[in-house]
Structure formats: C-alpha cells, structure tokens
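A quick write-up on the structure given underneath.
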Amino acid sequence: MSCHKRLLWYELVPIFSFLGLKGRCRNCKTKISIQYPLVEFATGLIFASLFLKFSGLFYEHFFMFGITFDYYAVMFSILLVIAVYDLRHKIIPDTLAFIFGVLAFVGLFFFDGYFFSPHIPSVLEFFSGVIVALPFALFWLISGGRWMGLGDAKLSLGIGWLLGIPLAFSGMALAFWFGAIIGIILLVFFRNRKISERGMKSEIPFAPFLVLGAFLAFILDLQIFTFYG
C-alpha cells in the first residue's frame with residue numbers, strides 16, 4: 001500500500017511470504033501489518049476445522065461434501081471479514097451483514113442440520129434468526145446504543161439462521177464470556193480511562209467475540225442450553 005508495487009505470485013503465499021519477506025515490502029521495505037498473516041492463519045484454521053468436521057462425508061459422498069464444505073467455508077469467511085473489519089473500524093458493514101444474512105436464510109431451505117438436503121424449514125427454524133437477534137435489538141433499543149450496537153443485532157440475525165437456536169445461543173454465551181474476560185483484563189492491567197468513562201462497548205468491538213463464539217459452537221457442536229420442542 002506504500003509503493004503500490006504489483007505483487008508477484010511468490011509474495012502472495014499465505015503466511016510463508018510474510019515470513020520470507022521478514023514482514024517488510026520487498027520493494028520499499030515498508031513494514032507489512034501483522035494483520036495479514038494472522039487473518040491468513042485464521043482462514044486456514046477455519047478451513048481445516050471444517051474439513052475435519054465433515055471428513056466422514058468426504059469419504060462417503062464427495063459431491064455432498066463439496067457443497068456442504070463450500071457453503072460453510074464461504075459463510076465463516078464472511079464472518080471473519082466482519083470480525084476483522086469491526087476490530088479495526090468498530091463498525092459492522094451493513095453490506096456484509098446483509099449478504100451473510102441472506103445466504104444464511106437461503107441455507108435454511110438447502111441444509112438440514114449441517115448437511116446439504118433441500119427441504120422446507122420448520123416454523124422454529126424460519127424464525128430462528130429473529131429469535132436470536134431479538135435480545136441484541138432490545139439491548140440496543142433500551143440503551144440507545146450504549147450497551148450494544150445495532151450492527152450486532154443484524155449480525156446475530158444471520159448467525160441464528162446459520163446455526164439454529166441451540167447452537168446460536170451457545171455461541172452467544174461464549175461471546176459474552178470472552179468479552180467479559182477481555183474487558184476485565186483491560187480494566188485491571190491497562191487502567192484505560194476511556195474504557196471506564198465511555199463504557200466497554202465504545203472501546204471493545206463485539207463482533208469478533210460473536211464470530212468466535214459462533215465458530216466454536218458450530219465446530220464443537222456445543223449446546224450449553226437444552227431446548228425442548
């Protein structure tokens with residue numbers, strides 16, 4: 001971004017190019033942000049975890065595996081982009097949240113559970129996104145945006161449709177726990193006056209925690225809460 005030199009193929013190999021270049025542009029020697037290898041590593045970790053989760057399908061029905069893996073790889077890639085963007089700019093882009101929500105809603109008609117199987121979703125599945133997003137919307141409405149941003153509600157709408165109610169609420173629980181832990185660490189060790197005066201949400205974007213919680217709940221099939229229906 002400094003010298004605008006077109007990168008060659010061997011400068012674009014995830015992680016290894018960053019290490020080979022020692023974190024600097026080969027042309028102008030400007031430092032390259034650590035964000036790039038971290039996002040590349042996170043993406044590889046997501047893809048590897050998805051492969052392991054669906055590995056049984058890979059050996060039994062390769063075509064079904066391809067559709068299932070590609071769908072969830074795209075969905076969690078979008079979530080990763082949203083998390084990084086919110087971390088850097090403290091805002092969730094409406095366009096990305098909308099695309100994610102639409103794809104998650106469409107997935108209701110093509111994925112039964114985790115696997116590709118066209119079907120008509122149940123009433124509970126149909127409204128799962130709204131049910132999961134409602135608490136965030138209420139937090140935003142009651143607090144006037146001080147406790148929770150409206151972008152978090154928009155993001156949780158798609159997460160509810162993607163994961164279903166049990167997994168989505170489990171992911172939400174993890175997100176709040178992770179957020180609380182990070183917030184306490186910042187308050188105790190950094191003593192940042194802005195955090196104490198303006199509130200945790202003003203300094204700590206919540207989307208990364210939502211994305212991490214959703215990913216762990218999905219990969220581990222984590223159901224903290226039991227729902228009967």
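Ligands are numbered from 1 in the order shown, residues from 1 within each chain, and chains are lettered A, B, ... in the order they appear in the structure tokens.
For Ile46 in chain A, the residues within 12 Å (counting only C-alpha atoms, excluding itself and residues fewer than 6 positions away along the chain) are Val39, Glu40, Leu52, Lys53, Phe69, Asp70, Tyr72, Ala73, Val74, Met75, Phe76, Ser77, Ile78, Leu79, Leu80, Val211, Leu212, Ala214, Phe215, Leu216, Phe218 and Ile219 of chain A.
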Using only C-alpha atoms, can you tell me which of A:Lys154, A:Lys5, A:Lys22, A:Lys29 comes closest to Leu134 in chain A?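 The shortest atom-to-atom distance to Leu134 in chain A comes from A:Lys154.
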Can you pull out the residues contacting range 159-175 of chain A? Cut-off 8 Å, using only C-alpha atoms, and skip same-chain residues under 6 positions away; I want them as a VMD selection string. chain A and resid 101 104 to 105 107 to 108 125 to 133 206 209 to 218 221 to 227
What is the CA of Leu220 in chain A to CA of Ser49 in chain A distance in Å? 9.7 Å
Contacts of Phe111 in chain A at 10 Å (only C-alpha atoms; same-chain gap of 5+ positions) as a ChimeraX atom specification: /A:67-68,71,104,106,116-121,162
As a CSV table (one decimal) with N, CA and C atoms, in the first residue's frame, please: all residues of range 2-225 of chain A that backbone DSSP puts in alpha helix (DSSP H).
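The new file result36.csv reads:
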chain,number,residue,atom,x,y,z
A,16,PHE,N,3.8,-17.8,4.6
A,16,PHE,CA,5.2,-18.1,4.3
A,16,PHE,C,5.8,-16.8,3.6
A,17,SER,N,5.0,-16.2,2.7
A,17,SER,CA,5.6,-15.0,2.1
A,17,SER,C,5.9,-13.9,3.1
A,18,PHE,N,5.0,-13.7,4.1
A,18,PHE,CA,5.3,-12.8,5.2
A,18,PHE,C,6.6,-13.1,5.9
A,19,LEU,N,6.7,-14.4,6.2
A,19,LEU,CA,7.9,-14.8,6.9
A,19,LEU,C,9.2,-14.6,6.1
A,20,GLY,N,9.1,-15.0,4.8
A,20,GLY,CA,10.2,-14.9,3.9
A,20,GLY,C,10.6,-13.4,3.6
A,35,GLN,N,-1.6,-8.0,10.6
A,35,GLN,CA,-3.0,-8.5,10.4
A,35,GLN,C,-3.0,-9.5,9.3
A,36,TYR,N,-2.2,-9.4,8.2
A,36,TYR,CA,-2.3,-10.2,7.1
A,36,TYR,C,-2.0,-11.7,7.4
A,37,PRO,N,-0.8,-12.0,8.0
A,37,PRO,CA,-0.6,-13.4,8.3
A,37,PRO,C,-1.6,-14.0,9.4
A,38,LEU,N,-2.0,-13.1,10.3
A,38,LEU,CA,-3.0,-13.6,11.3
A,38,LEU,C,-4.3,-13.9,10.7
A,39,VAL,N,-4.8,-13.1,9.7
A,39,VAL,CA,-6.0,-13.5,9.0
A,39,VAL,C,-5.8,-14.7,8.2
A,40,GLU,N,-4.7,-14.8,7.5
A,40,GLU,CA,-4.4,-16.0,6.7
A,40,GLU,C,-4.4,-17.2,7.6
A,41,PHE,N,-3.8,-17.2,8.7
A,41,PHE,CA,-3.7,-18.3,9.6
A,41,PHE,C,-5.1,-18.7,10.1
A,42,ALA,N,-5.9,-17.7,10.5
A,42,ALA,CA,-7.3,-17.9,10.9
A,42,ALA,C,-8.1,-18.5,9.8
A,43,THR,N,-7.9,-18.1,8.6
A,43,THR,CA,-8.7,-18.7,7.5
A,43,THR,C,-8.3,-20.1,7.3
A,44,GLY,N,-7.0,-20.4,7.3
A,44,GLY,CA,-6.6,-21.8,7.2
A,44,GLY,C,-7.1,-22.7,8.3
A,45,LEU,N,-7.1,-22.1,9.5
A,45,LEU,CA,-7.7,-22.9,10.7
A,45,LEU,C,-9.1,-23.2,10.5
A,46,ILE,N,-9.9,-22.2,10.0
A,46,ILE,CA,-11.3,-22.4,9.8
A,46,ILE,C,-11.5,-23.5,8.7
A,47,PHE,N,-10.8,-23.4,7.6
A,47,PHE,CA,-11.0,-24.4,6.6
A,47,PHE,C,-10.6,-25.8,7.0
A,48,ALA,N,-9.5,-25.9,7.8
A,48,ALA,CA,-9.1,-27.2,8.3
A,48,ALA,C,-10.1,-27.8,9.3
A,49,SER,N,-10.6,-26.9,10.1
A,49,SER,CA,-11.6,-27.4,11.1
A,49,SER,C,-12.9,-27.8,10.4
A,50,LEU,N,-13.3,-27.1,9.4
A,50,LEU,CA,-14.5,-27.5,8.6
A,50,LEU,C,-14.3,-28.9,7.9
A,51,PHE,N,-13.1,-29.1,7.4
A,51,PHE,CA,-12.7,-30.4,6.7
A,51,PHE,C,-12.8,-31.5,7.7
A,52,LEU,N,-12.3,-31.3,8.9
A,52,LEU,CA,-12.3,-32.3,10.0
A,52,LEU,C,-13.7,-32.6,10.4
A,53,LYS,N,-14.5,-31.6,10.5
A,53,LYS,CA,-15.9,-31.8,10.9
A,53,LYS,C,-16.7,-32.6,9.9
A,55,SER,N,-15.3,-34.6,7.5
A,55,SER,CA,-14.4,-35.6,6.9
A,55,SER,C,-15.1,-36.9,6.6
A,56,GLY,N,-16.1,-37.3,7.4
A,56,GLY,CA,-16.8,-38.5,7.2
A,56,GLY,C,-17.6,-38.4,5.9
A,57,LEU,N,-18.1,-37.3,5.6
A,57,LEU,CA,-18.9,-37.1,4.3
A,57,LEU,C,-17.9,-37.1,3.2
A,58,PHE,N,-16.7,-36.6,3.4
A,58,PHE,CA,-15.7,-36.5,2.3
A,58,PHE,C,-15.4,-37.9,1.7
A,59,TYR,N,-15.3,-38.9,2.5
A,59,TYR,CA,-15.0,-40.3,2.1
A,59,TYR,C,-16.2,-41.0,1.6
A,60,GLU,N,-17.4,-40.6,2.0
A,60,GLU,CA,-18.6,-41.4,1.7
A,60,GLU,C,-19.4,-40.7,0.5
A,62,PHE,N,-18.5,-37.5,-1.8
A,62,PHE,CA,-17.7,-36.4,-2.1
A,62,PHE,C,-18.4,-35.2,-2.6
A,63,PHE,N,-19.4,-35.4,-3.5
A,63,PHE,CA,-20.2,-34.3,-4.1
A,63,PHE,C,-20.9,-33.6,-3.0
A,64,MET,N,-21.6,-34.3,-2.0
A,64,MET,CA,-22.3,-33.7,-0.9
A,64,MET,C,-21.3,-32.9,0.0
A,65,PHE,N,-20.1,-33.5,0.2
A,65,PHE,CA,-19.1,-32.9,1.0
A,65,PHE,C,-18.7,-31.5,0.3
A,66,GLY,N,-18.5,-31.5,-1.0
A,66,GLY,CA,-18.1,-30.3,-1.7
A,66,GLY,C,-19.1,-29.2,-1.5
A,67,ILE,N,-20.4,-29.5,-1.6
A,67,ILE,CA,-21.4,-28.4,-1.5
A,67,ILE,C,-21.4,-27.9,0.0
A,68,THR,N,-21.4,-28.9,0.9
A,68,THR,CA,-21.5,-28.5,2.3
A,68,THR,C,-20.3,-27.7,2.8
A,69,PHE,N,-19.1,-28.2,2.4
A,69,PHE,CA,-17.9,-27.5,2.8
A,69,PHE,C,-17.8,-26.2,2.2
A,70,ASP,N,-18.1,-26.0,0.9
A,70,ASP,CA,-18.0,-24.7,0.2
A,70,ASP,C,-19.0,-23.7,0.9
A,71,TYR,N,-20.2,-24.2,1.2
A,71,TYR,CA,-21.2,-23.2,1.8
A,71,TYR,C,-20.7,-22.7,3.1
A,72,TYR,N,-20.3,-23.6,4.0
A,72,TYR,CA,-19.8,-23.1,5.3
A,72,TYR,C,-18.5,-22.4,5.3
A,73,ALA,N,-17.6,-22.8,4.3
A,73,ALA,CA,-16.4,-22.0,4.2
A,73,ALA,C,-16.6,-20.6,3.8
A,74,VAL,N,-17.6,-20.4,2.9
A,74,VAL,CA,-18.0,-19.0,2.5
A,74,VAL,C,-18.6,-18.3,3.6
A,75,MET,N,-19.5,-18.9,4.4
A,75,MET,CA,-20.1,-18.2,5.5
A,75,MET,C,-19.2,-17.8,6.6
A,76,PHE,N,-18.3,-18.7,7.0
A,76,PHE,CA,-17.3,-18.3,8.0
A,76,PHE,C,-16.2,-17.4,7.5
A,77,SER,N,-16.0,-17.4,6.2
A,77,SER,CA,-15.0,-16.4,5.7
A,77,SER,C,-15.6,-15.0,5.8
A,78,ILE,N,-16.9,-14.9,5.4
A,78,ILE,CA,-17.6,-13.6,5.6
A,78,ILE,C,-17.6,-13.2,7.0
A,79,LEU,N,-17.8,-14.1,8.0
A,79,LEU,CA,-17.8,-13.8,9.4
A,79,LEU,C,-16.4,-13.3,9.8
A,80,LEU,N,-15.4,-13.9,9.3
A,80,LEU,CA,-14.0,-13.5,9.6
A,80,LEU,C,-13.8,-12.1,9.1
A,81,VAL,N,-14.2,-11.8,7.9
A,81,VAL,CA,-14.0,-10.4,7.4
A,81,VAL,C,-14.8,-9.4,8.2
A,82,ILE,N,-16.0,-9.7,8.6
A,82,ILE,CA,-16.8,-8.9,9.5
A,82,ILE,C,-16.1,-8.6,10.8
A,83,ALA,N,-15.5,-9.7,11.4
A,83,ALA,CA,-14.8,-9.6,12.7
A,83,ALA,C,-13.6,-8.7,12.6
A,84,VAL,N,-12.8,-8.9,11.5
A,84,VAL,CA,-11.6,-8.1,11.4
A,84,VAL,C,-12.0,-6.6,11.1
A,85,TYR,N,-13.0,-6.4,10.3
A,85,TYR,CA,-13.4,-5.0,10.0
A,85,TYR,C,-13.9,-4.3,11.3
A,86,ASP,N,-14.7,-5.0,12.1
A,86,ASP,CA,-15.2,-4.4,13.3
A,86,ASP,C,-14.1,-4.2,14.3
A,87,LEU,N,-13.1,-5.1,14.3
A,87,LEU,CA,-11.9,-4.9,15.2
A,87,LEU,C,-11.1,-3.6,14.8
A,88,ARG,N,-11.0,-3.4,13.5
A,88,ARG,CA,-10.2,-2.2,13.0
A,88,ARG,C,-11.0,-0.9,13.1
A,89,HIS,N,-12.3,-1.0,12.7
A,89,HIS,CA,-13.0,0.3,12.5
A,89,HIS,C,-14.2,0.4,13.5
A,94,ASP,N,-22.9,-2.8,6.8
A,94,ASP,CA,-24.3,-3.3,6.5
A,94,ASP,C,-24.3,-4.3,5.3
A,95,THR,N,-23.5,-4.0,4.3
A,95,THR,CA,-23.5,-4.8,3.1
A,95,THR,C,-23.1,-6.2,3.5
A,96,LEU,N,-22.0,-6.4,4.2
A,96,LEU,CA,-21.6,-7.7,4.6
A,96,LEU,C,-22.6,-8.5,5.5
A,97,ALA,N,-23.2,-7.7,6.4
A,97,ALA,CA,-24.2,-8.3,7.3
A,97,ALA,C,-25.4,-8.7,6.5
A,98,PHE,N,-25.8,-7.9,5.5
A,98,PHE,CA,-26.9,-8.3,4.7
A,98,PHE,C,-26.6,-9.5,3.8
A,99,ILE,N,-25.4,-9.6,3.2
A,99,ILE,CA,-25.1,-10.7,2.4
A,99,ILE,C,-25.0,-12.0,3.2
A,100,PHE,N,-24.4,-11.9,4.4
A,100,PHE,CA,-24.4,-13.0,5.3
A,100,PHE,C,-25.8,-13.5,5.7
A,101,GLY,N,-26.6,-12.5,6.1
A,101,GLY,CA,-28.0,-12.9,6.5
A,101,GLY,C,-28.8,-13.5,5.4
A,102,VAL,N,-28.7,-13.0,4.2
A,102,VAL,CA,-29.4,-13.6,3.0
A,102,VAL,C,-28.9,-15.0,2.8
A,103,LEU,N,-27.6,-15.2,2.7
A,103,LEU,CA,-27.1,-16.6,2.5
A,103,LEU,C,-27.5,-17.5,3.6
A,104,ALA,N,-27.5,-17.0,4.8
A,104,ALA,CA,-27.9,-17.9,5.9
A,104,ALA,C,-29.4,-18.3,5.8
A,105,PHE,N,-30.2,-17.3,5.4
A,105,PHE,CA,-31.6,-17.6,5.3
A,105,PHE,C,-31.9,-18.6,4.2
A,106,VAL,N,-31.2,-18.4,3.0
A,106,VAL,CA,-31.4,-19.3,1.9
A,106,VAL,C,-30.9,-20.7,2.3
A,107,GLY,N,-29.9,-20.8,3.1
A,107,GLY,CA,-29.4,-22.1,3.6
A,107,GLY,C,-30.4,-22.9,4.3
A,123,VAL,N,-41.2,-23.9,11.3
A,123,VAL,CA,-41.5,-22.6,11.8
A,123,VAL,C,-40.4,-22.0,12.7
A,124,LEU,N,-39.9,-22.9,13.6
A,124,LEU,CA,-38.9,-22.5,14.6
A,124,LEU,C,-37.6,-22.2,13.8
A,125,GLU,N,-37.3,-23.0,12.8
A,125,GLU,CA,-36.1,-22.7,12.0
A,125,GLU,C,-36.2,-21.4,11.2
A,126,PHE,N,-37.4,-21.2,10.7
A,126,PHE,CA,-37.7,-20.0,9.9
A,126,PHE,C,-37.5,-18.7,10.7
A,128,SER,N,-35.7,-18.6,13.6
A,128,SER,CA,-34.6,-18.7,14.5
A,128,SER,C,-33.7,-17.4,14.5
A,129,GLY,N,-33.5,-16.8,13.3
A,129,GLY,CA,-32.7,-15.6,13.2
A,129,GLY,C,-33.3,-14.5,14.0
A,130,VAL,N,-34.6,-14.3,13.9
A,130,VAL,CA,-35.3,-13.2,14.6
A,130,VAL,C,-35.2,-13.4,16.1
A,131,ILE,N,-35.4,-14.7,16.5
A,131,ILE,CA,-35.3,-15.0,18.0
A,131,ILE,C,-34.0,-14.7,18.6
A,132,VAL,N,-32.9,-15.1,17.8
A,132,VAL,CA,-31.6,-14.9,18.3
A,132,VAL,C,-31.2,-13.4,18.3
A,133,ALA,N,-31.7,-12.7,17.3
A,133,ALA,CA,-31.3,-11.3,17.2
A,133,ALA,C,-32.1,-10.4,18.1
A,134,LEU,N,-33.3,-10.8,18.6
A,134,LEU,CA,-34.1,-10.0,19.4
A,134,LEU,C,-33.5,-9.5,20.7
A,135,PRO,N,-32.7,-10.3,21.5
A,135,PRO,CA,-32.1,-9.8,22.7
A,135,PRO,C,-31.1,-8.6,22.3
A,136,PHE,N,-30.3,-8.8,21.2
A,136,PHE,CA,-29.4,-7.7,20.9
A,136,PHE,C,-30.1,-6.4,20.5
A,137,ALA,N,-31.2,-6.6,19.7
A,137,ALA,CA,-32.0,-5.5,19.3
A,137,ALA,C,-32.6,-4.7,20.6
A,138,LEU,N,-33.0,-5.5,21.5
A,138,LEU,CA,-33.6,-4.9,22.8
A,138,LEU,C,-32.5,-4.2,23.5
A,139,PHE,N,-31.3,-4.8,23.6
A,139,PHE,CA,-30.2,-4.1,24.3
A,139,PHE,C,-29.9,-2.8,23.6
A,140,TRP,N,-29.9,-2.8,22.3
A,140,TRP,CA,-29.6,-1.6,21.5
A,140,TRP,C,-30.7,-0.5,21.8
A,141,LEU,N,-32.0,-1.0,21.7
A,141,LEU,CA,-33.1,-0.1,21.9
A,141,LEU,C,-33.2,0.5,23.3
A,142,ILE,N,-33.0,-0.3,24.3
A,142,ILE,CA,-33.2,0.2,25.7
A,142,ILE,C,-32.0,1.1,26.0
A,143,SER,N,-30.8,0.8,25.6
A,143,SER,CA,-29.6,1.6,26.0
A,143,SER,C,-29.4,2.8,25.0
A,150,LEU,N,-26.4,-1.7,16.9
A,150,LEU,CA,-27.4,-2.3,16.1
A,150,LEU,C,-26.8,-3.3,15.1
A,151,GLY,N,-25.5,-3.1,14.7
A,151,GLY,CA,-24.8,-4.0,13.8
A,151,GLY,C,-24.7,-5.4,14.4
A,152,ASP,N,-24.6,-5.5,15.7
A,152,ASP,CA,-24.5,-6.8,16.4
A,152,ASP,C,-25.8,-7.5,16.2
A,153,ALA,N,-26.9,-6.8,16.3
A,153,ALA,CA,-28.3,-7.4,16.1
A,153,ALA,C,-28.4,-7.9,14.7
A,154,LYS,N,-28.0,-7.1,13.7
A,154,LYS,CA,-28.0,-7.6,12.3
A,154,LYS,C,-27.2,-8.8,12.1
A,155,LEU,N,-26.0,-8.8,12.7
A,155,LEU,CA,-25.1,-10.0,12.5
A,155,LEU,C,-25.7,-11.2,13.2
A,156,SER,N,-26.3,-11.1,14.4
A,156,SER,CA,-26.8,-12.2,15.1
A,156,SER,C,-28.1,-12.8,14.4
A,157,LEU,N,-28.7,-12.0,13.5
A,157,LEU,CA,-29.8,-12.5,12.7
A,157,LEU,C,-29.4,-13.6,11.8
A,158,GLY,N,-28.3,-13.4,11.1
A,158,GLY,CA,-27.7,-14.4,10.2
A,158,GLY,C,-27.2,-15.6,11.0
A,159,ILE,N,-26.5,-15.3,12.1
A,159,ILE,CA,-26.0,-16.4,12.9
A,159,ILE,C,-27.1,-17.3,13.4
A,160,GLY,N,-28.2,-16.7,13.8
A,160,GLY,CA,-29.4,-17.6,14.2
A,160,GLY,C,-29.8,-18.5,13.1
A,161,TRP,N,-29.9,-17.9,11.9
A,161,TRP,CA,-30.4,-18.8,10.7
A,161,TRP,C,-29.3,-19.8,10.4
A,162,LEU,N,-28.1,-19.5,10.5
A,162,LEU,CA,-27.0,-20.4,10.1
A,162,LEU,C,-26.8,-21.5,11.1
A,163,LEU,N,-26.9,-21.2,12.4
A,163,LEU,CA,-26.6,-22.3,13.4
A,163,LEU,C,-27.9,-22.9,14.0
A,165,ILE,N,-31.2,-22.2,16.8
A,165,ILE,CA,-31.3,-21.6,18.1
A,165,ILE,C,-30.4,-22.2,19.2
A,166,PRO,N,-30.3,-23.5,19.4
A,166,PRO,CA,-29.4,-24.0,20.4
A,166,PRO,C,-28.0,-23.6,20.2
A,167,LEU,N,-27.4,-23.8,19.1
A,167,LEU,CA,-26.0,-23.5,18.8
A,167,LEU,C,-25.8,-22.0,18.8
A,168,ALA,N,-26.7,-21.2,18.3
A,168,ALA,CA,-26.6,-19.8,18.3
A,168,ALA,C,-26.5,-19.2,19.7
A,169,PHE,N,-27.4,-19.6,20.6
A,169,PHE,CA,-27.4,-19.1,21.9
A,169,PHE,C,-26.2,-19.6,22.7
A,170,SER,N,-25.7,-20.8,22.4
A,170,SER,CA,-24.4,-21.3,23.0
A,170,SER,C,-23.3,-20.4,22.5
A,171,GLY,N,-23.3,-20.1,21.2
A,171,GLY,CA,-22.2,-19.2,20.7
A,171,GLY,C,-22.3,-17.8,21.4
A,172,MET,N,-23.5,-17.3,21.6
A,172,MET,CA,-23.7,-16.0,22.2
A,172,MET,C,-23.2,-16.0,23.7
A,173,ALA,N,-23.4,-17.1,24.4
A,173,ALA,CA,-22.9,-17.2,25.7
A,173,ALA,C,-21.4,-17.2,25.8
A,174,LEU,N,-20.8,-17.9,24.8
A,174,LEU,CA,-19.3,-17.9,24.7
A,174,LEU,C,-18.8,-16.5,24.4
A,175,ALA,N,-19.6,-15.8,23.5
A,175,ALA,CA,-19.2,-14.4,23.1
A,175,ALA,C,-19.2,-13.5,24.3
A,176,PHE,N,-20.2,-13.6,25.2
A,176,PHE,CA,-20.3,-12.7,26.3
A,176,PHE,C,-19.2,-13.0,27.3
A,177,TRP,N,-18.9,-14.3,27.5
A,177,TRP,CA,-17.9,-14.8,28.4
A,177,TRP,C,-16.5,-14.2,27.9
A,178,PHE,N,-16.2,-14.4,26.7
A,178,PHE,CA,-14.9,-14.0,26.1
A,178,PHE,C,-14.8,-12.4,26.2
A,179,GLY,N,-15.9,-11.8,25.9
A,179,GLY,CA,-15.9,-10.3,26.0
A,179,GLY,C,-15.7,-9.8,27.4
A,180,ALA,N,-16.3,-10.5,28.4
A,180,ALA,CA,-16.2,-10.1,29.8
A,180,ALA,C,-14.7,-10.3,30.3
A,181,ILE,N,-14.1,-11.5,29.8
A,181,ILE,CA,-12.8,-11.8,30.2
A,181,ILE,C,-11.8,-10.7,29.7
A,182,ILE,N,-11.9,-10.4,28.4
A,182,ILE,CA,-11.1,-9.4,27.8
A,182,ILE,C,-11.3,-8.0,28.4
A,183,GLY,N,-12.6,-7.7,28.7
A,183,GLY,CA,-12.9,-6.4,29.3
A,183,GLY,C,-12.2,-6.3,30.7
A,184,ILE,N,-12.3,-7.3,31.5
A,184,ILE,CA,-11.7,-7.3,32.8
A,184,ILE,C,-10.2,-7.2,32.8
A,185,ILE,N,-9.6,-7.9,31.8
A,185,ILE,CA,-8.1,-7.8,31.6
A,185,ILE,C,-7.7,-6.4,31.3
A,193,ARG,N,-8.6,5.1,31.0
A,193,ARG,CA,-9.7,6.0,31.5
A,193,ARG,C,-10.8,6.0,30.5
A,194,LYS,N,-10.5,5.9,29.2
A,194,LYS,CA,-11.6,5.9,28.2
A,194,LYS,C,-12.5,4.8,28.3
A,195,ILE,N,-12.0,3.6,28.7
A,195,ILE,CA,-12.8,2.4,28.9
A,195,ILE,C,-13.7,2.6,30.1
A,196,SER,N,-13.2,3.1,31.2
A,196,SER,CA,-14.0,3.3,32.4
A,196,SER,C,-15.0,4.4,32.2
A,197,GLU,N,-14.7,5.5,31.5
A,197,GLU,CA,-15.6,6.6,31.4
A,197,GLU,C,-16.7,6.4,30.3
A,198,ARG,N,-16.3,5.9,29.2
A,198,ARG,CA,-17.1,5.8,28.0
A,198,ARG,C,-17.8,4.5,27.9
A,200,MET,N,-17.4,-0.1,28.1
A,200,MET,CA,-16.6,-1.1,27.4
A,200,MET,C,-16.9,-1.2,26.0
A,201,LYS,N,-18.2,-1.1,25.6
A,201,LYS,CA,-18.6,-1.3,24.2
A,201,LYS,C,-17.9,-0.2,23.3
A,202,SER,N,-17.7,1.0,23.8
A,202,SER,CA,-17.1,2.0,23.0
A,202,SER,C,-15.7,1.7,22.6
A,203,GLU,N,-15.0,0.8,23.3
A,203,GLU,CA,-13.6,0.5,23.0
A,203,GLU,C,-13.4,-0.9,22.6
A,207,ALA,N,-18.3,-7.9,17.6
A,207,ALA,CA,-18.5,-8.8,16.5
A,207,ALA,C,-17.4,-9.9,16.6
A,208,PRO,N,-16.1,-9.6,16.9
A,208,PRO,CA,-15.1,-10.7,16.9
A,208,PRO,C,-15.5,-11.8,17.9
A,209,PHE,N,-16.1,-11.4,19.1
A,209,PHE,CA,-16.5,-12.4,20.1
A,209,PHE,C,-17.7,-13.2,19.6
A,210,LEU,N,-18.6,-12.5,18.9
A,210,LEU,CA,-19.8,-13.2,18.3
A,210,LEU,C,-19.3,-14.2,17.3
A,211,VAL,N,-18.4,-13.9,16.5
A,211,VAL,CA,-17.9,-14.7,15.4
A,211,VAL,C,-17.2,-15.9,16.0
A,212,LEU,N,-16.3,-15.7,17.0
A,212,LEU,CA,-15.5,-16.7,17.6
A,212,LEU,C,-16.5,-17.7,18.4
A,213,GLY,N,-17.5,-17.1,19.1
A,213,GLY,CA,-18.4,-18.0,19.8
A,213,GLY,C,-19.2,-18.8,18.8
A,214,ALA,N,-19.7,-18.3,17.7
A,214,ALA,CA,-20.4,-19.0,16.7
A,214,ALA,C,-19.6,-20.1,16.1
A,215,PHE,N,-18.4,-19.8,15.8
A,215,PHE,CA,-17.5,-20.8,15.2
A,215,PHE,C,-17.2,-22.0,16.1
A,216,LEU,N,-16.9,-21.7,17.3
A,216,LEU,CA,-16.6,-22.8,18.3
A,216,LEU,C,-17.9,-23.6,18.6
A,217,ALA,N,-19.0,-22.9,18.7
A,217,ALA,CA,-20.3,-23.7,18.9
A,217,ALA,C,-20.6,-24.6,17.7
A,218,PHE,N,-20.3,-24.1,16.5
A,218,PHE,CA,-20.6,-24.9,15.3
A,218,PHE,C,-19.6,-26.1,15.2
A,219,ILE,N,-18.3,-25.8,15.3
A,219,ILE,CA,-17.3,-26.9,15.2
A,219,ILE,C,-17.4,-27.9,16.2
A,220,LEU,N,-17.7,-27.5,17.5
A,220,LEU,CA,-17.7,-28.4,18.6
A,220,LEU,C,-19.1,-29.0,18.9
Please return as a list of chain:residue names: the residues of range 22-211 of chain A that backbone DSSP assigns to strand (DSSP E). A:Phe111, A:Asp112, A:Phe115, A:Phe116
Go ahead and write the selection's residues with C-alpha atoms as a CSV table (one decimal), in the first residue's frame.
chain,number,residue,atom,x,y,z
A,111,PHE,CA,-29.3,-27.6,4.6
A,112,ASP,CA,-31.0,-29.9,7.1
A,115,PHE,CA,-25.7,-31.2,5.6
A,116,PHE,CA,-27.0,-30.4,2.1
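For the choices A:Leu21, A:Cys28, A:Ile15, A:Ile34, the atom-to-atom distance to Ser2 in chain A is smallest for A:Cys28 when using only C-alpha atoms.
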To one decimal place, how far is CA of Gly145 in chain A from CA of Pro93 in chain A in Å? 16.3 Å
